[in-house]
file protein-v3.cif (mmCIF, C-alpha atoms (C1' of nucleotides))
data_upload
loop_
_atom_site.label_atom_id
_atom_site.label_comp_id
_atom_site.auth_asym_id
_atom_site.auth_seq_id
_atom_site.Cartn_x
_atom_site.Cartn_y
_atom_site.Cartn_z
CA MET O 1382 154.82 28.38 62.15
CA ASN O 1383 156.90 30.49 59.84
CA PRO O 1384 159.72 31.98 61.93
CA HIS O 1385 159.47 35.42 60.33
CA LEU O 1386 155.77 35.71 61.05
CA LYS O 1387 156.35 34.35 64.55
CA ALA O 1388 159.04 36.95 65.20
CA TYR O 1389 156.69 39.62 63.92
CA ILE O 1390 153.87 38.53 66.22
CA GLU O 1391 156.19 38.35 69.23
CA ARG O 1392 156.92 42.05 68.86
CA TYR O 1393 153.30 42.75 69.81
CA VAL O 1394 151.77 39.94 71.89
CA TYR O 1395 152.73 36.76 73.70
CA LEU O 1396 151.03 33.64 72.33
CA GLU O 1397 151.08 30.13 73.81
CA PRO O 1398 152.60 27.40 71.65
CA ALA O 1399 149.11 25.94 71.31
CA GLU O 1400 147.87 29.24 69.93
CA TYR O 1401 150.62 29.27 67.33
CA GLU O 1402 149.47 25.78 66.38
CA VAL O 1403 145.98 27.10 65.78
CA LEU O 1404 147.31 30.03 63.77
CA VAL O 1405 149.40 27.91 61.41
CA GLY O 1406 146.24 26.35 60.05
CA TYR O 1407 144.95 29.69 58.87
CA PHE O 1408 147.89 30.88 56.82
CA GLU O 1409 148.49 29.56 53.34
CA GLU O 1410 151.72 30.09 51.45
CA LYS O 1411 151.35 31.46 47.91
CA ARG O 1412 153.78 32.31 45.13
CA PHE O 1413 153.54 34.90 42.39
CA LYS O 1414 155.84 35.31 39.40
CA LYS O 1415 157.22 38.74 38.55
CA LYS O 1416 154.45 40.82 36.93
CA ALA O 1417 151.69 38.54 38.26
CA LEU O 1418 148.76 40.20 40.03
CA LEU O 1419 148.04 39.56 43.72
CA LEU O 1420 144.88 41.64 43.29
CA GLU O 1421 143.23 43.08 40.21
CA SER O 1422 141.35 46.36 40.42
CA GLY O 1423 137.59 45.84 40.31
CA GLN O 1424 137.86 42.72 42.50
CA VAL O 1425 137.26 42.68 46.21
CA CYS O 1426 140.55 42.21 48.04
CA ARG O 1427 139.99 38.94 49.92
CA TYR O 1428 143.45 38.48 51.39
CA ASN O 1429 145.89 40.03 53.73
CA TYR O 1430 149.42 38.99 52.72
CA PHE O 1431 152.48 38.75 54.89
CA LEU O 1432 155.36 38.96 52.40
CA LEU O 1433 158.20 36.50 52.89
CA GLN O 1434 160.15 37.31 49.77
CA GLY O 1435 160.00 39.75 46.89
CA LEU O 1436 158.57 43.13 46.16
CA VAL O 1437 155.11 44.35 45.13
CA ARG O 1438 153.59 47.61 44.08
CA CYS O 1439 150.04 48.94 44.57
CA PHE O 1440 148.74 51.24 41.85
CA TYR O 1441 145.61 52.57 40.20
CA LEU O 1442 144.93 54.00 36.76
CA ASP O 1443 144.27 57.73 36.79
CA ALA O 1444 142.00 59.65 34.42
CA ASN O 1445 144.73 59.70 31.74
CA GLY O 1446 145.40 55.98 32.02
CA ASN O 1447 148.68 56.44 33.90
CA GLU O 1448 149.61 54.01 36.61
CA GLN O 1449 149.80 55.87 39.91
CA ILE O 1450 151.72 53.95 42.54
CA THR O 1451 150.40 54.41 46.05
CA GLN O 1452 152.51 51.93 47.99
CA PHE O 1453 155.24 49.38 47.77
CA GLY O 1454 155.48 46.24 49.84
CA LYS O 1455 158.51 44.18 50.78
CA GLU O 1456 159.62 41.29 52.95
CA PHE O 1457 157.92 41.09 56.36
CA TRP O 1458 155.42 43.82 55.63
CA TRP O 1459 151.68 43.24 55.50
CA VAL O 1460 150.26 43.89 52.06
CA THR O 1461 146.59 44.38 51.35
CA THR O 1462 144.21 47.02 50.07
CA MET O 1463 142.80 48.08 53.42
CA ASP O 1464 139.70 49.78 52.09
CA SER O 1465 138.65 46.85 49.95
CA PHE O 1466 139.67 44.18 52.46
CA ILE O 1467 137.92 45.75 55.44
CA ASN O 1468 134.81 47.10 53.73
CA GLU O 1469 134.53 44.32 51.16
CA VAL O 1470 134.13 46.73 48.27
CA PRO O 1471 135.77 46.44 44.82
CA SER O 1472 139.33 47.67 44.90
CA LEU O 1473 140.48 50.64 42.85
CA ILE O 1474 143.98 49.34 43.39
CA THR O 1475 145.90 46.63 41.61
CA ILE O 1476 148.65 44.79 43.47
CA GLN O 1477 151.41 43.43 41.27
CA ALA O 1478 154.65 41.56 41.91
CA ILE O 1479 157.74 43.53 40.89
CA GLU O 1480 159.90 40.53 41.73
CA ASP O 1481 158.95 36.88 42.26
CA VAL O 1482 156.96 36.82 45.49
CA ARG O 1483 156.38 34.33 48.29
CA ALA O 1484 153.74 35.31 50.85
CA LEU O 1485 151.54 33.95 53.61
CA SER O 1486 147.89 34.75 53.02
CA ILE O 1487 144.82 34.83 55.23
CA ASN O 1488 141.34 35.80 54.12
CA LYS O 1489 138.80 37.88 55.94
CA GLU O 1490 136.55 35.10 57.24
CA GLN O 1491 139.59 33.25 58.51
CA LEU O 1492 140.86 36.36 60.20
CA GLU O 1493 137.51 36.85 61.94
CA GLU O 1494 137.72 33.26 63.18
CA VAL O 1495 141.22 33.95 64.44
CA TYR O 1496 139.91 36.95 66.37
CA LYS O 1497 137.33 34.69 68.01
CA LYS O 1498 139.68 31.86 68.86
CA ILE O 1499 142.66 34.02 69.87
CA PRO O 1500 141.42 37.38 71.14
CA LYS O 1501 145.01 38.51 71.59
CA MET O 1502 145.19 38.74 67.80
CA GLU O 1503 142.64 41.53 67.99
CA ARG O 1504 145.17 43.36 70.10
CA LEU O 1505 147.97 42.61 67.64
CA PHE O 1506 146.08 43.98 64.68
CA ARG O 1507 144.94 46.99 66.68
CA ARG O 1508 148.55 47.84 67.31
CA VAL O 1509 149.56 47.09 63.74
CA ALA O 1510 146.81 49.40 62.46
CA GLU O 1511 147.82 52.11 64.91
CA ASN O 1512 151.46 51.95 63.90
CA TRP O 1513 150.54 51.87 60.26
CA LEU O 1514 148.37 54.93 60.79
CA ILE O 1515 151.19 56.76 62.55
CA ALA O 1516 153.58 55.94 59.71
CA GLN O 1517 151.02 57.00 57.13
CA GLN O 1518 150.43 60.30 58.90
CA ARG O 1519 154.14 61.04 59.13
CA ASN O 1520 154.56 60.19 55.51
CA SER O 1521 151.65 62.33 54.38
CA HIS O 1522 153.01 65.37 56.13
CA PHE O 1523 156.48 64.78 54.81
CA PHE O 1524 155.16 64.42 51.28
CA MET O 1525 153.24 67.66 51.60
CA LYS O 1526 156.11 69.69 52.92
CA ALA O 1527 159.20 68.25 51.25
CA ASN O 1528 160.16 69.05 47.68
CA SER O 1529 160.87 66.41 45.05
CA LYS O 1530 164.53 66.09 45.81
CA GLU O 1531 163.93 65.67 49.52
CA ARG O 1532 161.29 63.03 48.91
CA TYR O 1533 163.65 61.10 46.69
CA GLN O 1534 166.53 61.28 49.12
CA LYS O 1535 164.38 60.18 52.02
CA LEU O 1536 163.30 57.12 50.06
CA VAL O 1537 166.90 56.33 49.14
CA THR O 1538 168.11 56.49 52.71
CA SER O 1539 165.12 55.11 54.57
CA ILE O 1540 164.71 51.88 52.61
CA PRO O 1541 168.22 50.72 51.85
CA ASN O 1542 168.76 48.98 48.56
CA PHE O 1543 165.25 49.82 47.45
CA VAL O 1544 165.85 52.08 44.46
CA GLN O 1545 168.14 49.41 43.02
CA ARG O 1546 165.29 46.90 42.99
CA VAL O 1547 162.66 49.11 41.38
CA PRO O 1548 162.66 50.80 37.95
CA GLN O 1549 163.08 54.53 38.15
CA TYR O 1550 159.76 55.36 36.53
CA MET O 1551 157.98 53.50 39.33
CA ILE O 1552 159.91 55.45 41.94
CA ALA O 1553 158.89 58.63 40.13
CA SER O 1554 155.23 57.60 40.14
CA TYR O 1555 155.33 56.81 43.86
CA LEU O 1556 157.10 60.08 44.65
CA ASP O 1557 154.60 61.95 42.51
CA ILE O 1558 157.25 63.34 40.15
CA SER O 1559 157.48 63.02 36.38
CA PRO O 1560 160.15 60.50 35.37
CA GLU O 1561 161.90 63.27 33.41
CA TYR O 1562 162.15 65.46 36.45
CA LEU O 1563 163.38 62.62 38.63
CA SER O 1564 166.13 62.16 36.10
CA GLU O 1565 167.10 65.82 36.59
CA ILE O 1566 166.98 65.54 40.35
CA ARG O 1567 169.31 62.60 40.47
CA LYS O 1568 172.02 64.60 38.75
CA LEU O 1569 171.94 67.48 41.23
CA PRO O 1570 174.72 67.45 43.86
CA MET P 577 127.11 57.15 79.75
CA ASN P 578 127.18 60.01 77.32
CA PRO P 579 124.64 59.18 74.58
CA HIS P 580 126.90 60.37 71.75
CA LEU P 581 129.77 58.19 72.87
CA LYS P 582 127.37 55.31 73.42
CA ALA P 583 125.99 55.70 69.90
CA TYR P 584 129.51 55.78 68.57
CA ILE P 585 130.49 52.59 70.38
CA GLU P 586 127.34 50.81 69.25
CA ARG P 587 128.41 51.25 65.64
CA TYR P 588 131.30 48.89 66.30
CA VAL P 589 130.58 46.50 69.19
CA TYR P 590 127.78 45.40 71.46
CA LEU P 591 128.41 46.09 75.15
CA GLU P 592 126.35 44.93 78.13
CA PRO P 593 124.80 47.65 80.29
CA ALA P 594 127.22 46.60 83.06
CA GLU P 595 130.13 47.19 80.71
CA TYR P 596 128.90 50.69 79.94
CA GLU P 597 128.77 51.25 83.70
CA VAL P 598 132.43 50.31 83.94
CA LEU P 599 133.33 52.54 81.02
CA VAL P 600 131.66 55.64 82.42
CA GLY P 601 134.14 55.65 85.26
CA TYR P 602 137.05 56.06 82.88
CA PHE P 603 135.93 59.06 80.92
CA GLU P 604 136.23 62.54 82.34
CA GLU P 605 134.56 65.56 80.82
CA LYS P 606 136.79 68.55 80.18
CA ARG P 607 136.23 72.03 78.83
CA PHE P 608 138.58 74.31 76.91
CA LYS P 609 138.01 77.94 76.00
CA LYS P 610 138.62 79.12 72.47
CA LYS P 611 142.41 79.35 71.87
CA ALA P 612 143.21 77.12 74.87
CA LEU P 613 145.62 74.25 74.29
CA LEU P 614 144.50 70.63 74.66
CA LEU P 615 148.13 69.63 74.10
CA GLU P 616 151.29 71.67 73.83
CA SER P 617 154.11 70.57 71.57
CA GLY P 618 157.02 69.16 73.53
CA GLN P 619 154.66 67.43 75.98
CA VAL P 620 153.68 63.80 75.78
CA CYS P 621 150.06 63.49 74.65
CA ARG P 622 148.45 61.71 77.61
CA TYR P 623 144.83 61.81 76.47
CA ASN P 624 142.56 60.61 73.78
CA TYR P 625 139.62 63.02 73.48
CA PHE P 626 136.14 62.31 72.18
CA LEU P 627 134.85 65.74 71.18
CA LEU P 628 131.30 66.57 72.24
CA GLN P 629 131.26 70.17 71.15
CA GLY P 630 133.53 72.61 69.35
CA LEU P 631 136.39 72.53 66.93
CA VAL P 632 140.12 71.99 67.34
CA ARG P 633 143.15 72.17 65.11
CA CYS P 634 146.41 70.23 65.24
CA PHE P 635 149.51 72.05 64.01
CA TYR P 636 153.26 72.21 64.26
CA LEU P 637 155.76 75.01 63.68
CA ASP P 638 157.84 74.53 60.54
CA ALA P 639 161.45 75.67 60.01
CA ASN P 640 160.26 79.21 59.24
CA GLY P 641 158.06 79.42 62.31
CA ASN P 642 154.83 79.03 60.35
CA GLU P 643 151.99 77.03 61.83
CA GLN P 644 151.31 74.02 59.64
CA ILE P 645 147.91 72.51 60.29
CA THR P 646 147.80 68.75 59.92
CA GLN P 647 144.30 67.96 61.11
CA PHE P 648 141.08 69.41 62.36
CA GLY P 649 138.77 67.77 64.86
CA LYS P 650 135.05 68.25 65.39
CA GLU P 651 132.11 66.87 67.29
CA PHE P 652 132.07 63.08 67.71
CA TRP P 653 135.56 62.59 66.33
CA TRP P 654 138.44 61.21 68.34
CA VAL P 655 141.21 63.73 68.77
CA THR P 656 144.71 62.86 69.87
CA THR P 657 148.26 62.91 68.57
CA MET P 658 148.55 59.24 67.72
CA ASP P 659 152.33 59.11 67.59
CA SER P 660 152.81 60.77 70.94
CA PHE P 661 149.88 59.02 72.63
CA ILE P 662 150.81 55.52 71.50
CA ASN P 663 154.59 55.73 71.73
CA GLU P 664 154.67 58.10 74.71
CA VAL P 665 157.14 60.45 73.06
CA PRO P 666 157.02 64.27 73.13
CA SER P 667 154.57 65.60 70.60
CA LEU P 668 155.65 67.80 67.70
CA ILE P 669 152.04 68.80 67.42
CA THR P 670 150.02 71.32 69.38
CA ILE P 671 146.27 70.85 69.70
CA GLN P 672 144.30 74.05 70.13
CA ALA P 673 140.61 74.86 70.49
CA ILE P 674 139.29 76.97 67.59
CA GLU P 675 135.93 77.23 69.36
CA ASP P 676 135.00 76.55 72.98
CA VAL P 677 135.35 72.80 73.41
CA ARG P 678 133.69 70.13 75.53
CA ALA P 679 135.28 66.68 75.37
CA LEU P 680 135.45 63.32 77.10
CA SER P 681 139.01 62.33 77.90
CA ILE P 682 140.69 59.06 78.74
CA ASN P 683 144.38 58.59 79.41
CA LYS P 684 146.62 55.80 78.27
CA GLU P 685 146.82 53.83 81.51
CA GLN P 686 143.04 54.01 81.84
CA LEU P 687 142.65 52.83 78.27
CA GLU P 688 144.91 49.85 78.93
CA GLU P 689 142.77 48.99 81.95
CA VAL P 690 139.69 49.24 79.78
CA TYR P 691 141.24 46.80 77.32
CA LYS P 692 141.79 44.36 80.19
CA LYS P 693 138.34 44.69 81.72
CA ILE P 694 136.41 44.89 78.45
CA PRO P 695 138.32 43.08 75.69
CA LYS P 696 135.66 44.09 73.20
CA MET P 697 137.10 47.59 73.42
CA GLU P 698 140.27 46.24 71.88
CA ARG P 699 138.12 45.30 68.91
CA LEU P 700 136.48 48.70 68.83
CA PHE P 701 139.75 50.55 68.71
CA ARG P 702 141.15 48.12 66.16
CA ARG P 703 138.28 49.00 63.88
CA VAL P 704 138.56 52.70 64.63
CA ALA P 705 142.27 52.61 63.78
CA GLU P 706 141.60 50.66 60.58
CA ASN P 707 138.93 53.09 59.43
CA TRP P 708 141.09 56.03 60.35
CA LEU P 709 143.93 54.52 58.33
CA ILE P 710 141.67 53.99 55.34
CA ALA P 711 140.49 57.59 55.51
CA GLN P 712 144.04 58.83 55.89
CA GLN P 713 145.19 56.82 52.87
CA ARG P 714 142.35 58.10 50.71
CA ASN P 715 143.07 61.61 51.80
CA SER P 716 146.79 61.35 51.12
CA HIS P 717 146.24 60.15 47.59
CA PHE P 718 143.66 62.81 46.95
CA PHE P 719 145.98 65.49 48.25
CA MET P 720 148.77 64.26 46.01
CA LYS P 721 146.71 64.15 42.87
CA ALA P 722 144.26 67.01 43.18
CA ASN P 723 145.19 70.61 42.55
CA SER P 724 144.55 73.40 45.02
CA LYS P 725 141.11 74.25 43.76
CA GLU P 726 139.97 70.63 43.89
CA ARG P 727 141.29 70.22 47.41
CA TYR P 728 139.41 73.30 48.54
CA GLN P 729 136.16 72.27 46.91
CA LYS P 730 136.35 68.80 48.38
CA LEU P 731 136.74 70.28 51.84
CA VAL P 732 133.81 72.62 51.28
CA THR P 733 131.47 69.86 50.17
CA SER P 734 132.63 66.99 52.36
CA ILE P 735 132.41 68.76 55.72
CA PRO P 736 129.35 70.95 55.51
CA ASN P 737 129.47 74.24 57.32
CA PHE P 738 133.15 73.77 58.06
CA VAL P 739 134.76 76.64 56.17
CA GLN P 740 132.33 79.01 57.87
CA ARG P 741 133.65 77.98 61.27
CA VAL P 742 137.35 78.24 60.51
CA PRO P 743 139.40 81.29 59.44
CA GLN P 744 140.53 81.10 55.86
CA TYR P 745 144.22 81.17 56.64
CA MET P 746 143.82 77.99 58.65
CA ILE P 747 142.03 76.32 55.77
CA ALA P 748 144.88 77.41 53.52
CA SER P 749 147.46 75.96 55.88
CA TYR P 750 145.60 72.65 56.08
CA LEU P 751 145.19 72.49 52.29
CA ASP P 752 148.86 73.36 51.87
CA ILE P 753 148.17 76.52 49.88
CA SER P 754 149.33 80.05 50.58
CA PRO P 755 146.48 82.19 51.95
CA GLU P 756 146.94 84.56 49.01
CA TYR P 757 146.47 81.80 46.51
CA LEU P 758 143.42 80.45 48.32
CA SER P 759 141.95 83.90 48.00
CA GLU P 760 142.49 83.69 44.22
CA ILE P 761 141.02 80.24 44.00
CA ARG P 762 137.81 81.20 45.74
CA LYS P 763 137.10 83.80 43.07
CA LEU P 764 137.36 81.37 40.17
CA PRO P 765 134.04 80.12 38.78
"C1'" DT K 36 132.35 105.56 68.34
"C1'" DT K 37 137.37 105.08 67.75
"C1'" DG K 38 141.25 102.63 67.36
"C1'" DC K 39 143.87 98.13 67.29
"C1'" DT K 40 144.33 93.51 65.83
"C1'" DT K 41 143.18 89.97 62.97
"C1'" DT K 42 141.96 88.36 58.56
"C1'" DC K 43 141.44 88.71 53.56
"C1'" DT K 44 142.54 90.44 48.91
"C1'" DT K 45 145.23 92.28 44.96
"C1'" DA K 46 149.16 92.41 42.05
"C1'" DA K 47 153.85 91.47 40.12
"C1'" DG K 48 157.77 88.92 39.72
"C1'" DA K 49 160.02 84.34 40.95
"C1'" DT K 50 160.39 79.24 40.85
"C1'" DA K 51 159.49 74.27 41.02
"C1'" DT K 52 157.75 71.12 38.30
"C1'" DC K 53 155.20 69.45 34.11
"C1'" DT K 54 154.51 68.48 29.16
"C1'" DT K 55 155.95 67.22 24.87
"C1'" DA K 56 159.12 65.34 21.86
"C1'" DA K 57 163.15 63.10 20.71
"C1'" DG K 58 166.92 60.40 21.09
"C1'" DA K 59 170.24 57.17 23.85
"C1'" DA K 60 171.10 53.26 26.44
"C1'" DG K 61 170.00 48.85 28.15
"C1'" DA K 62 167.50 44.46 28.32
"C1'" DA K 63 164.92 40.90 26.26
"C1'" DT K 64 163.56 38.17 22.37
"C1'" DG K 65 163.54 35.81 17.99
"C1'" DC V 1330 173.35 38.93 16.19
"C1'" DA V 1331 169.68 42.00 14.88
"C1'" DT V 1332 165.55 43.72 16.40
"C1'" DT V 1333 162.17 45.17 19.39
"C1'" DC V 1334 160.71 46.73 23.76
"C1'" DT V 1335 161.64 48.97 27.99
"C1'" DT V 1336 163.77 52.43 30.56
"C1'" DC V 1337 166.36 56.69 31.13
"C1'" DT V 1338 168.01 61.28 29.71
"C1'" DT V 1339 168.05 65.91 27.53
"C1'" DA V 1340 165.99 70.17 26.29
"C1'" DA V 1341 162.53 73.93 25.58
"C1'" DG V 1342 158.43 76.05 26.45
"C1'" DA V 1343 154.26 76.06 29.61
"C1'" DT V 1344 151.89 76.49 34.12
"C1'" DA V 1345 150.54 76.17 38.96
"C1'" DT V 1346 151.72 78.06 42.90
"C1'" DC V 1347 154.73 80.92 45.97
"C1'" DT V 1348 156.80 85.21 47.79
"C1'" DT V 1349 156.72 89.79 48.96
"C1'" DA V 1350 154.48 93.92 49.82
"C1'" DA V 1351 150.64 96.67 50.47
"C1'" DG V 1352 146.23 97.98 51.20
"C1'" DA V 1353 141.10 96.76 52.41
"C1'" DA V 1354 137.80 94.71 55.44
"C1'" DA V 1355 136.18 92.82 59.43
"C1'" DG V 1356 136.03 91.88 64.33
"C1'" DC V 1357 136.95 93.14 69.03
"C1'" DA V 1358 138.35 96.17 72.97
"C1'" DA V 1359 138.07 100.37 75.27
#

call {"tool": "encode", "arguments": {"input": "protein-v3.cif", "output": "structure tokens"}}
result
Amino acid sequence: MNPHLKAYIERYVYLEPAEYEVLVGYFEEKRFKKKALLLESGQVCRYNYFLLQGLVRCFYLDANGNEQITQFGKEFWWVTTMDSFINEVPSLITIQAIEDVRALSINKEQLEEVYKKIPKMERLFRRVAENWLIAQQRNSHFFMKANSKERYQKLVTSIPNFVQRVPQYMIASYLDISPEYLSEIRKLP
Amino acid sequence: MNPHLKAYIERYVYLEPAEYEVLVGYFEEKRFKKKALLLESGQVCRYNYFLLQGLVRCFYLDANGNEQITQFGKEFWWVTTMDSFINEVPSLITIQAIEDVRALSINKEQLEEVYKKIPKMERLFRRVAENWLIAQQRNSHFFMKANSKERYQKLVTSIPNFVQRVPQYMIASYLDISPEYLSEIRKLP
DNA sequence: TTGCTTTCTTAAGATATCTTAAGAAGAATG
DNA sequence: CATTCTTCTTAAGATATCTTAAGAAAGCAA
């Protein structure tokens, strides 16, 4: 069992060694080169990825053909397109590697089997979903209330080393600012 | 067992009649008059409410003392302050009845007991949290990309009869528009 | 009914942020 | 090394939305 995934699971539930043995069989390690797609829009998102290395972005094309970034993903975060993965509908979102990526993947049928064989995993993913929801709610309210500069500064301080790994125009897209204006903001004291 | 809650549960999991019997014991019906508080900010949110009747709003006071509405709740929706309920920390949010409210409540310890006695409930709330997350994500992206008029119109069409039940200044707060500007918007063709 | 409180509208000036266009700097490729 | 592609910056005019202030309407209490 991958030690990072094991450490992650231990934060939520206790599993017997035998249960970890079962789990191992369900996760497959995959690699993606920089710029490769983990998921292409229009496809159903079949996998939930646990990132071991690298950085990804999730984006869709808006009415003007601009790439709108909705999320980033980094080491030891789950990455998937929830809507498409859960409801098995075509994804509006594309997931692309910003750096070379190594990830553990599990597909939906496998995950359902896991729920059957190890009911505690149902509990784990309940708690993951709840925490994700809480984070998403906090973030939404912050995005609504904070101005561009505050949004940028929060990103800089809350994910250390992040803005150095991602081109500025992607940061701008995620923060919902024009790249030109982000450039202005960064100069302000 | 309340038929609305039963119908809700049936959408996610199958429970034996005996399991419903167990469940009944955990839910308590409560009533709140218009303007009463289901939760006051500063308190830990002890309950998850399943609304049977009426309307509530969730808001916090911003730096200028303005009430910022983050969510509404209506019949057959779960209402709680996730962050406070899950993490047992004081809530920033106040929950207030906009109309007279009737709701089924369950507290956190009871819910944990339910998870032990009826593990299928763990599955139910996993799926509820996942769907809630999906809705929250969709909503966040829509709020970021749509302008004020589009946000208003979406609210009007997606929750029928809703704007008639809620004062306009609350709608404005939720949509993150000044009440004056909402008034303008409503006049546009 | 009358008055008091709550809610909604109108208008004018202020501001954050966008759009467009262009050029500069940096990175990648032949 | 020269060239091409990608990313970042600068500037000027445009626009959505806010703020403040005031008055109009509507709802509720007495």

call {"tool": "interface_residues", "arguments": {"input": "protein-v3.cif", "of": "chain V", "to": "chain P", "cutoff": "9 Å", "atoms": "all atoms listed in the file", "output": "compact mmCIF listing (two decimals) with C-alpha atoms (C1' of nucleotides), keeping the file's coordinate frame"}}
result
# COMPACT_ATOMS: atom_id res chain seq x y z
C1' DA V 1345 150.54 76.17 38.96
C1' DT V 1346 151.72 78.06 42.90
C1' DC V 1347 154.73 80.92 45.97

call {"tool": "closest_atom_pairs", "arguments": {"input": "protein-v3.cif", "of": "chain P", "to": "chain O", "cutoff": "10 Å", "atoms": "all atoms listed in the file", "output": "JSON lines"}}
result
{"residue": "P:Asp638", "atom": "CA", "partner": "O:Lys1526", "partner_atom": "CA", "distance": 9.2}
{"residue": "P:Gln644", "atom": "CA", "partner": "O:Lys1526", "partner_atom": "CA", "distance": 9.3}
{"residue": "P:Ile645", "atom": "CA", "partner": "O:His1522", "partner_atom": "CA", "distance": 9.7}
{"residue": "P:Thr646", "atom": "CA", "partner": "O:His1522", "partner_atom": "CA", "distance": 7.3}
{"residue": "P:Thr657", "atom": "CA", "partner": "O:Ile1515", "partner_atom": "CA", "distance": 9.1}
{"residue": "P:Met658", "atom": "CA", "partner": "O:Ile1515", "partner_atom": "CA", "distance": 6.3}
{"residue": "P:Asp659", "atom": "CA", "partner": "O:Ile1515", "partner_atom": "CA", "distance": 5.7}
{"residue": "P:Ser660", "atom": "CA", "partner": "O:Ile1515", "partner_atom": "CA", "distance": 9.4}
{"residue": "P:Ile662", "atom": "CA", "partner": "O:Glu1511", "partner_atom": "CA", "distance": 8.0}
{"residue": "P:Asn663", "atom": "CA", "partner": "O:Asn1512", "partner_atom": "CA", "distance": 9.2}
{"residue": "P:Tyr691", "atom": "CA", "partner": "O:Arg1504", "partner_atom": "CA", "distance": 8.9}
{"residue": "P:Pro695", "atom": "CA", "partner": "O:Pro1500", "partner_atom": "CA", "distance": 7.9}
{"residue": "P:Lys696", "atom": "CA", "partner": "O:Glu1503", "partner_atom": "CA", "distance": 9.1}
{"residue": "P:Met697", "atom": "CA", "partner": "O:Arg1504", "partner_atom": "CA", "distance": 9.7}
{"residue": "P:Glu698", "atom": "CA", "partner": "O:Arg1504", "partner_atom": "CA", "distance": 6.0}
{"residue": "P:Arg699", "atom": "CA", "partner": "O:Glu1503", "partner_atom": "CA", "distance": 6.0}
{"residue": "P:Leu700", "atom": "CA", "partner": "O:Arg1507", "partner_atom": "CA", "distance": 8.9}
{"residue": "P:Phe701", "atom": "CA", "partner": "O:Arg1507", "partner_atom": "CA", "distance": 6.6}
{"residue": "P:Arg702", "atom": "CA", "partner": "O:Arg1507", "partner_atom": "CA", "distance": 4.0}
{"residue": "P:Arg703", "atom": "CA", "partner": "O:Arg1507", "partner_atom": "CA", "distance": 7.5}
{"residue": "P:Val704", "atom": "CA", "partner": "O:Arg1507", "partner_atom": "CA", "distance": 8.8}
{"residue": "P:Ala705", "atom": "CA", "partner": "O:Glu1511", "partner_atom": "CA", "distance": 5.7}
{"residue": "P:Glu706", "atom": "CA", "partner": "O:Ala1510", "partner_atom": "CA", "distance": 5.7}
{"residue": "P:Asn707", "atom": "CA", "partner": "O:Asp1464", "partner_atom": "CA", "distance": 8.1}
{"residue": "P:Trp708", "atom": "CA", "partner": "O:Leu1514", "partner_atom": "CA", "distance": 7.4}
{"residue": "P:Leu709", "atom": "CA", "partner": "O:Leu1514", "partner_atom": "CA", "distance": 5.1}
{"residue": "P:Ile710", "atom": "CA", "partner": "O:Asp1464", "partner_atom": "CA", "distance": 5.7}
{"residue": "P:Ala711", "atom": "CA", "partner": "O:Asp1464", "partner_atom": "CA", "distance": 8.6}
{"residue": "P:Gln712", "atom": "CA", "partner": "O:Gln1518", "partner_atom": "CA", "distance": 7.2}
{"residue": "P:Gln713", "atom": "CA", "partner": "O:Gln1517", "partner_atom": "CA", "distance": 7.2}
{"residue": "P:Arg714", "atom": "CA", "partner": "O:Asp1464", "partner_atom": "CA", "distance": 8.8}
{"residue": "P:Asn715", "atom": "CA", "partner": "O:Ser1521", "partner_atom": "CA", "distance": 9.0}
{"residue": "P:Ser716", "atom": "CA", "partner": "O:Ser1521", "partner_atom": "CA", "distance": 5.9}
{"residue": "P:His717", "atom": "CA", "partner": "O:Thr1451", "partner_atom": "CA", "distance": 7.3}
{"residue": "P:Phe719", "atom": "CA", "partner": "O:Met1525", "partner_atom": "CA", "distance": 8.3}
{"residue": "P:Met720", "atom": "CA", "partner": "O:Asp1557", "partner_atom": "CA", "distance": 7.2}
{"residue": "P:Lys721", "atom": "CA", "partner": "O:Asp1557", "partner_atom": "CA", "distance": 8.2}
{"residue": "P:Leu751", "atom": "CA", "partner": "O:Met1525", "partner_atom": "CA", "distance": 9.4}
{"residue": "P:Asp752", "atom": "CA", "partner": "O:Met1525", "partner_atom": "CA", "distance": 7.2}

call {"tool": "resolve_selection", "arguments": {"input": "protein-v3.cif", "expression": "the PyMOL selection byres ((chain P) within 9 of (chain K))", "output": "ChimeraX atom specification"}}
result
/P:743-745,755-756,759-760

call {"tool": "closest_residue", "arguments": {"input": "protein-v3.cif", "among": "O:Thr1475, O:Thr1538, O:Gln1434, O:Ser1422", "to": "O:Lys1455", "atoms": "all atoms listed in the file"}}
result
O:Gln1434

call {"tool": "atom_distance", "arguments": {"input": "protein-v3.cif", "atom1": "atom CA of O:Ala1444", "atom2": "atom CA of O:Leu1420"}}
result
20.3 Å

call {"tool": "residues_around", "arguments": {"input": "protein-v3.cif", "residues": "P:Asn683", "least_positions_apart": "4", "cutoff": "12 Å", "atoms": "only C-alpha atoms (C1' of nucleotides)", "output": "JSON, numbers by chain"}}
result
{"P": [602, 603, 604, 620, 621, 622, 623, 624, 625, 626, 656, 661, 662, 664, 687, 688, 689, 690]}

call {"tool": "atom_distance", "arguments": {"input": "protein-v3.cif", "atom1": "atom CA of O:Met1551", "atom2": "atom CA of O:Ile1476"}}
result
13.4 Å

call {"tool": "atom_distance", "arguments": {"input": "protein-v3.cif", "atom1": "atom CA of P:Arg607", "atom2": "atom CA of P:Val677"}}
result
5.5 Å

call {"tool": "residues_near_point", "arguments": {"input": "protein-v3.cif", "point": "(157.2, 43.5, 53.1)", "cutoff": "7 Å", "atoms": "all atoms listed in the file", "output": "tab-separated table (two decimals) with C-alpha atoms, keeping the file's coordinate frame"}}
result
chain	number	residue	atom	x	y	z
O	1431	PHE	CA	152.48	38.75	54.89
O	1432	LEU	CA	155.36	38.96	52.40
O	1454	GLY	CA	155.48	46.24	49.84
O	1455	LYS	CA	158.51	44.18	50.78
O	1456	GLU	CA	159.62	41.29	52.95
O	1457	PHE	CA	157.92	41.09	56.36
O	1458	TRP	CA	155.42	43.82	55.63
O	1459	TRP	CA	151.68	43.24	55.50
